[in-house]
$ cat my_file-v1.txt   # compact mmCIF, C-alpha atoms and all ligand atoms
# COMPACT_ATOMS: atom_id res chain seq x y z
CA MET X 1 60.83 121.01 110.40
CA THR X 2 64.39 119.89 109.88
CA MET X 3 65.19 118.47 106.48
CA LEU X 4 68.40 116.73 105.60
CA LYS X 5 69.44 115.15 102.31
CA GLU X 6 72.60 113.26 101.56
CA VAL X 7 74.71 114.79 98.81
CA LYS X 8 78.05 113.78 97.36
CA SER X 9 80.77 116.02 96.03
CA LYS X 10 80.96 115.71 92.27
CA GLY X 11 83.70 118.24 91.58
CA LEU X 12 85.02 121.71 92.10
CA TYR X 13 85.51 124.77 89.98
CA MET X 14 87.87 127.51 91.00
CA GLY X 15 88.29 130.82 89.24
CA LYS X 16 87.94 134.56 89.15
CA LEU X 17 84.94 136.63 88.16
CA SER X 18 84.90 139.50 85.65
CA HIS X 19 85.75 143.01 86.82
CA GLY X 20 82.57 145.08 86.64
CA ALA X 21 80.18 142.12 86.56
CA ASP X 22 77.08 141.88 88.74
CA LEU X 23 78.22 139.47 91.45
CA LEU X 24 74.98 137.51 91.85
CA ASP X 25 74.22 137.37 88.12
CA GLU X 26 77.77 136.22 87.34
CA ILE X 27 77.64 133.34 89.84
CA THR X 28 74.13 132.34 88.69
CA GLY X 29 75.29 132.48 85.06
CA ILE X 30 78.22 130.16 85.78
CA CYS X 31 75.85 127.69 87.45
CA SER X 32 73.53 127.77 84.41
CA GLN X 33 76.42 127.38 81.99
CA LYS X 34 77.86 124.41 83.91
CA HIS X 35 74.40 122.90 84.56
CA VAL X 36 74.93 123.04 88.33
CA ARG X 37 71.68 122.33 90.20
CA LEU X 38 73.10 121.51 93.61
CA GLY X 39 76.22 122.93 95.19
CA ARG X 40 77.91 125.43 97.41
CA ILE X 41 79.91 128.57 96.84
CA GLU X 42 82.57 130.46 98.67
CA ALA X 43 84.32 133.59 97.53
CA LEU X 44 86.46 136.52 98.56
CA GLY X 45 87.67 139.67 96.89
CA ALA X 46 86.25 143.17 96.63
CA VAL X 47 83.22 145.00 95.29
CA GLN X 48 82.86 148.49 93.81
CA HIS X 49 79.50 148.91 95.50
CA ALA X 50 76.94 146.58 96.99
CA ARG X 51 73.21 146.01 97.31
CA LEU X 52 72.21 143.72 100.15
CA GLY X 53 68.95 142.55 101.62
CA TYR X 54 67.64 142.11 105.13
CA TYR X 55 64.56 139.96 105.61
CA ASP X 56 62.06 141.66 107.89
CA GLN X 57 60.46 138.77 109.75
CA LYS X 58 57.38 140.84 110.71
CA SER X 59 56.51 142.32 107.31
CA ARG X 60 57.88 139.22 105.54
CA GLU X 61 59.60 141.37 102.98
CA TYR X 62 63.19 142.06 102.07
CA ASP X 63 64.48 145.55 102.81
CA TYR X 64 67.34 146.38 100.48
CA PHE X 65 70.16 148.79 101.17
CA ILE X 66 73.03 150.15 99.09
CA LEU X 67 76.64 150.43 100.19
CA ASP X 68 78.04 152.95 97.75
CA GLN X 69 81.78 152.45 98.15
CA GLY X 70 84.57 150.00 97.46
CA LEU X 71 84.55 147.22 100.04
CA GLU X 72 86.44 144.01 100.73
CA ILE X 73 84.56 140.74 100.44
CA THR X 74 85.81 139.08 103.59
CA ASN X 75 83.38 136.22 103.17
CA LEU X 76 80.73 135.04 100.78
CA VAL X 77 78.95 131.77 101.40
CA GLY X 78 76.13 130.42 99.34
CA ASN X 79 74.33 127.44 97.95
CA VAL X 80 72.88 126.43 94.62
CA SER X 81 69.53 124.71 94.28
CA VAL X 82 66.53 124.90 91.96
CA LYS X 83 63.58 127.26 91.75
CA GLN X 84 61.01 126.93 88.99
CA GLY X 85 63.35 124.59 87.14
CA GLN X 86 66.28 127.02 87.08
CA PRO X 87 69.43 127.10 89.22
CA ILE X 88 69.13 129.66 91.99
CA VAL X 89 72.02 130.99 94.03
CA HIS X 90 71.36 131.99 97.63
CA ALA X 91 74.35 133.81 99.08
CA HIS X 92 75.20 135.90 102.10
CA ILE X 93 78.14 138.24 102.13
CA THR X 94 80.27 140.10 104.65
CA LEU X 95 81.98 143.26 103.41
CA THR X 96 84.44 145.52 105.21
CA ASP X 97 85.49 149.15 104.75
CA SER X 98 88.83 150.95 105.20
CA ALA X 99 88.46 150.90 108.99
CA GLY X 100 87.59 147.21 109.08
CA ARG X 101 83.93 147.84 109.83
CA ALA X 102 81.76 144.98 108.63
CA TYR X 103 78.47 145.06 106.77
CA GLY X 104 76.58 142.02 105.77
CA GLY X 105 73.42 140.60 104.38
CA HIS X 106 71.62 138.69 101.69
CA LEU X 107 73.41 139.21 98.38
CA ALA X 108 71.15 140.95 95.89
CA GLN X 109 71.47 142.00 92.27
CA GLY X 110 73.22 145.35 92.05
CA THR X 111 76.53 144.38 93.64
CA LYS X 112 79.41 145.16 91.29
CA VAL X 113 82.58 143.05 91.26
CA PHE X 114 85.95 144.75 91.63
CA ALA X 115 87.78 141.45 91.95
CA CYS X 116 86.49 138.10 93.10
CA GLU X 117 87.97 134.65 93.55
CA MET X 118 85.43 131.91 93.82
CA VAL X 119 85.24 128.20 94.58
CA LEU X 120 82.14 126.35 93.42
CA GLU X 121 81.60 122.82 94.66
CA VAL X 122 79.12 120.75 92.69
CA PHE X 123 77.06 118.10 94.45
CA GLU X 124 75.11 115.16 93.19
CA GLY X 125 72.05 114.18 95.11
CA PRO X 126 68.33 114.79 95.28
CA THR X 127 66.94 117.96 93.73
CA LEU X 128 66.37 120.65 96.31
CA GLU X 129 63.52 122.70 94.91
CA ARG X 130 62.53 126.02 96.44
CA GLY X 131 58.90 126.76 97.14
CA TYR X 132 56.83 129.00 99.39
CA ASP X 133 57.25 128.23 103.10
CA GLU X 134 54.23 129.11 105.26
CA ALA X 135 56.13 129.54 108.52
CA THR X 136 58.60 132.12 107.18
CA GLY X 137 57.16 133.49 103.94
CA LEU X 138 60.44 132.57 102.28
CA PRO X 139 61.12 130.38 99.24
CA LEU X 140 62.70 127.54 101.18
CA TRP X 141 63.51 123.97 100.19
CA LYS X 142 60.34 121.95 99.95
CA GLN X 143 59.88 118.92 102.10
CA GLU X 144 59.16 115.85 100.02
CA GLU X 145 57.02 113.21 101.64
ZN ZN X 201 69.35 135.08 102.34
$ encode --input "my_file-v1.txt" --output "structure tokens"
Amino acid sequence: MTMLKEVKSKGLYMGKLSHGADLLDEITGICSQKHVRLGRIEALGAVQHARLGYYDQKSREYDYFILDQGLEITNLVGNVSVKQGQPIVHAHITLTDSAGRAYGGHLAQGTKVFACEMVLEVFEGPTLERGYDEATGLPLWKQEE
């Protein structure tokens, strides 16, 4: 079922992440620090290596894979919402190698920043809380009646 909520932009942060940091943990940490509970993220840069997920729709489990090389972040898009009371970042990333070949997937812990420039837009609006979704097996935004 489609769910749409109205949100309003409350402000933007723009900055660079630490060399050597875990990309997902660093973004999640910034959201916690700044008390962001609703927002969106975009970023570009490079990683030293990556760990991405692919959701297998039949087994309803994430398969994770490692890309063990330096890669360009040609795109990272994500959102911030709430799961069990804490900010949770859901991001997908596209990475390219020296020949321009692209890899992509669900950003997982274990992706190490080489350099990363990020924009975080903070929204105000209703809380979007993640909870188990029967149809997909994923922790999606819960529909409030
Ligand atoms: Zn995902």
$ atom_distance --input "my_file-v1.txt" --atom1 "CA of Lys83 (chain X)" --atom2 "CA of Gly29 (chain X)"
14.5 Å
$ residues_around --input "my_file-v1.txt" --residues "Ile88 (chain X)" --least-positions-apart "4" --cutoff "12 Å" --atoms "only C-alpha atoms" --output "VMD selection string"
chain X and resid 24 to 32 35 to 41 78 to 84 128 to 131 139 to 141
$ write_last_selection --input "my_file-v1.txt" --atoms "C-alpha atoms" --output "PDB file, in the frame of the given file"
ATOM      1  CA  LEU X  24      74.980 137.510  91.850  1.00  0.00           C
ATOM      2  CA  ASP X  25      74.220 137.370  88.120  1.00  0.00           C
ATOM      3  CA  GLU X  26      77.770 136.220  87.340  1.00  0.00           C
ATOM      4  CA  ILE X  27      77.640 133.340  89.840  1.00  0.00           C
ATOM      5  CA  THR X  28      74.130 132.340  88.690  1.00  0.00           C
ATOM      6  CA  GLY X  29      75.290 132.480  85.060  1.00  0.00           C
ATOM      7  CA  ILE X  30      78.220 130.160  85.780  1.00  0.00           C
ATOM      8  CA  CYS X  31      75.850 127.690  87.450  1.00  0.00           C
ATOM      9  CA  SER X  32      73.530 127.770  84.410  1.00  0.00           C
ATOM     10  CA  HIS X  35      74.400 122.900  84.560  1.00  0.00           C
ATOM     11  CA  VAL X  36      74.930 123.040  88.330  1.00  0.00           C
ATOM     12  CA  ARG X  37      71.680 122.330  90.200  1.00  0.00           C
ATOM     13  CA  LEU X  38      73.100 121.510  93.610  1.00  0.00           C
ATOM     14  CA  GLY X  39      76.220 122.930  95.190  1.00  0.00           C
ATOM     15  CA  ARG X  40      77.910 125.430  97.410  1.00  0.00           C
ATOM     16  CA  ILE X  41      79.910 128.570  96.840  1.00  0.00           C
ATOM     17  CA  GLY X  78      76.130 130.420  99.340  1.00  0.00           C
ATOM     18  CA  ASN X  79      74.330 127.440  97.950  1.00  0.00           C
ATOM     19  CA  VAL X  80      72.880 126.430  94.620  1.00  0.00           C
ATOM     20  CA  SER X  81      69.530 124.710  94.280  1.00  0.00           C
ATOM     21  CA  VAL X  82      66.530 124.900  91.960  1.00  0.00           C
ATOM     22  CA  LYS X  83      63.580 127.260  91.750  1.00  0.00           C
ATOM     23  CA  GLN X  84      61.010 126.930  88.990  1.00  0.00           C
ATOM     24  CA  LEU X 128      66.370 120.650  96.310  1.00  0.00           C
ATOM     25  CA  GLU X 129      63.520 122.700  94.910  1.00  0.00           C
ATOM     26  CA  ARG X 130      62.530 126.020  96.440  1.00  0.00           C
ATOM     27  CA  GLY X 131      58.900 126.760  97.140  1.00  0.00           C
ATOM     28  CA  PRO X 139      61.120 130.380  99.240  1.00  0.00           C
ATOM     29  CA  LEU X 140      62.700 127.540 101.180  1.00  0.00           C
ATOM     30  CA  TRP X 141      63.510 123.970 100.190  1.00  0.00           C
TER      31      TRP X 141
END
$ residues_near_ligand --input "my_file-v1.txt" --ligand "ligand ZN 201 (chain X)" --cutoff "9 Å" --atoms "only C-alpha atoms and all ligand atoms" --output "list in words"
Gly53, Tyr54, Tyr55, Gly78, His90, Ala91, His92, Gly105, His106, Leu107 and Ala108 of chain X
$ write_last_selection --input "my_file-v1.txt" --atoms "C-alpha atoms" --output "PDB file, keeping the file's coordinate frame"
ATOM      1  CA  GLY X  53      68.950 142.550 101.620  1.00  0.00           C
ATOM      2  CA  TYR X  54      67.640 142.110 105.130  1.00  0.00           C
ATOM      3  CA  TYR X  55      64.560 139.960 105.610  1.00  0.00           C
ATOM      4  CA  GLY X  78      76.130 130.420  99.340  1.00  0.00           C
ATOM      5  CA  HIS X  90      71.360 131.990  97.630  1.00  0.00           C
ATOM      6  CA  ALA X  91      74.350 133.810  99.080  1.00  0.00           C
ATOM      7  CA  HIS X  92      75.200 135.900 102.100  1.00  0.00           C
ATOM      8  CA  GLY X 105      73.420 140.600 104.380  1.00  0.00           C
ATOM      9  CA  HIS X 106      71.620 138.690 101.690  1.00  0.00           C
ATOM     10  CA  LEU X 107      73.410 139.210  98.380  1.00  0.00           C
ATOM     11  CA  ALA X 108      71.150 140.950  95.890  1.00  0.00           C
TER      12      ALA X 108
END
$ closest_residue --input "my_file-v1.txt" --among "X:Lys34, X:His19, X:Lys112, X:Arg51" --to "Tyr64 (chain X)" --atoms "all atoms listed in the file"
X:Arg51
$ atom_distance --input "my_file-v1.txt" --atom1 "CA of Lys5 (chain X)" --atom2 "CA of Val119 (chain X)"
21.9 Å
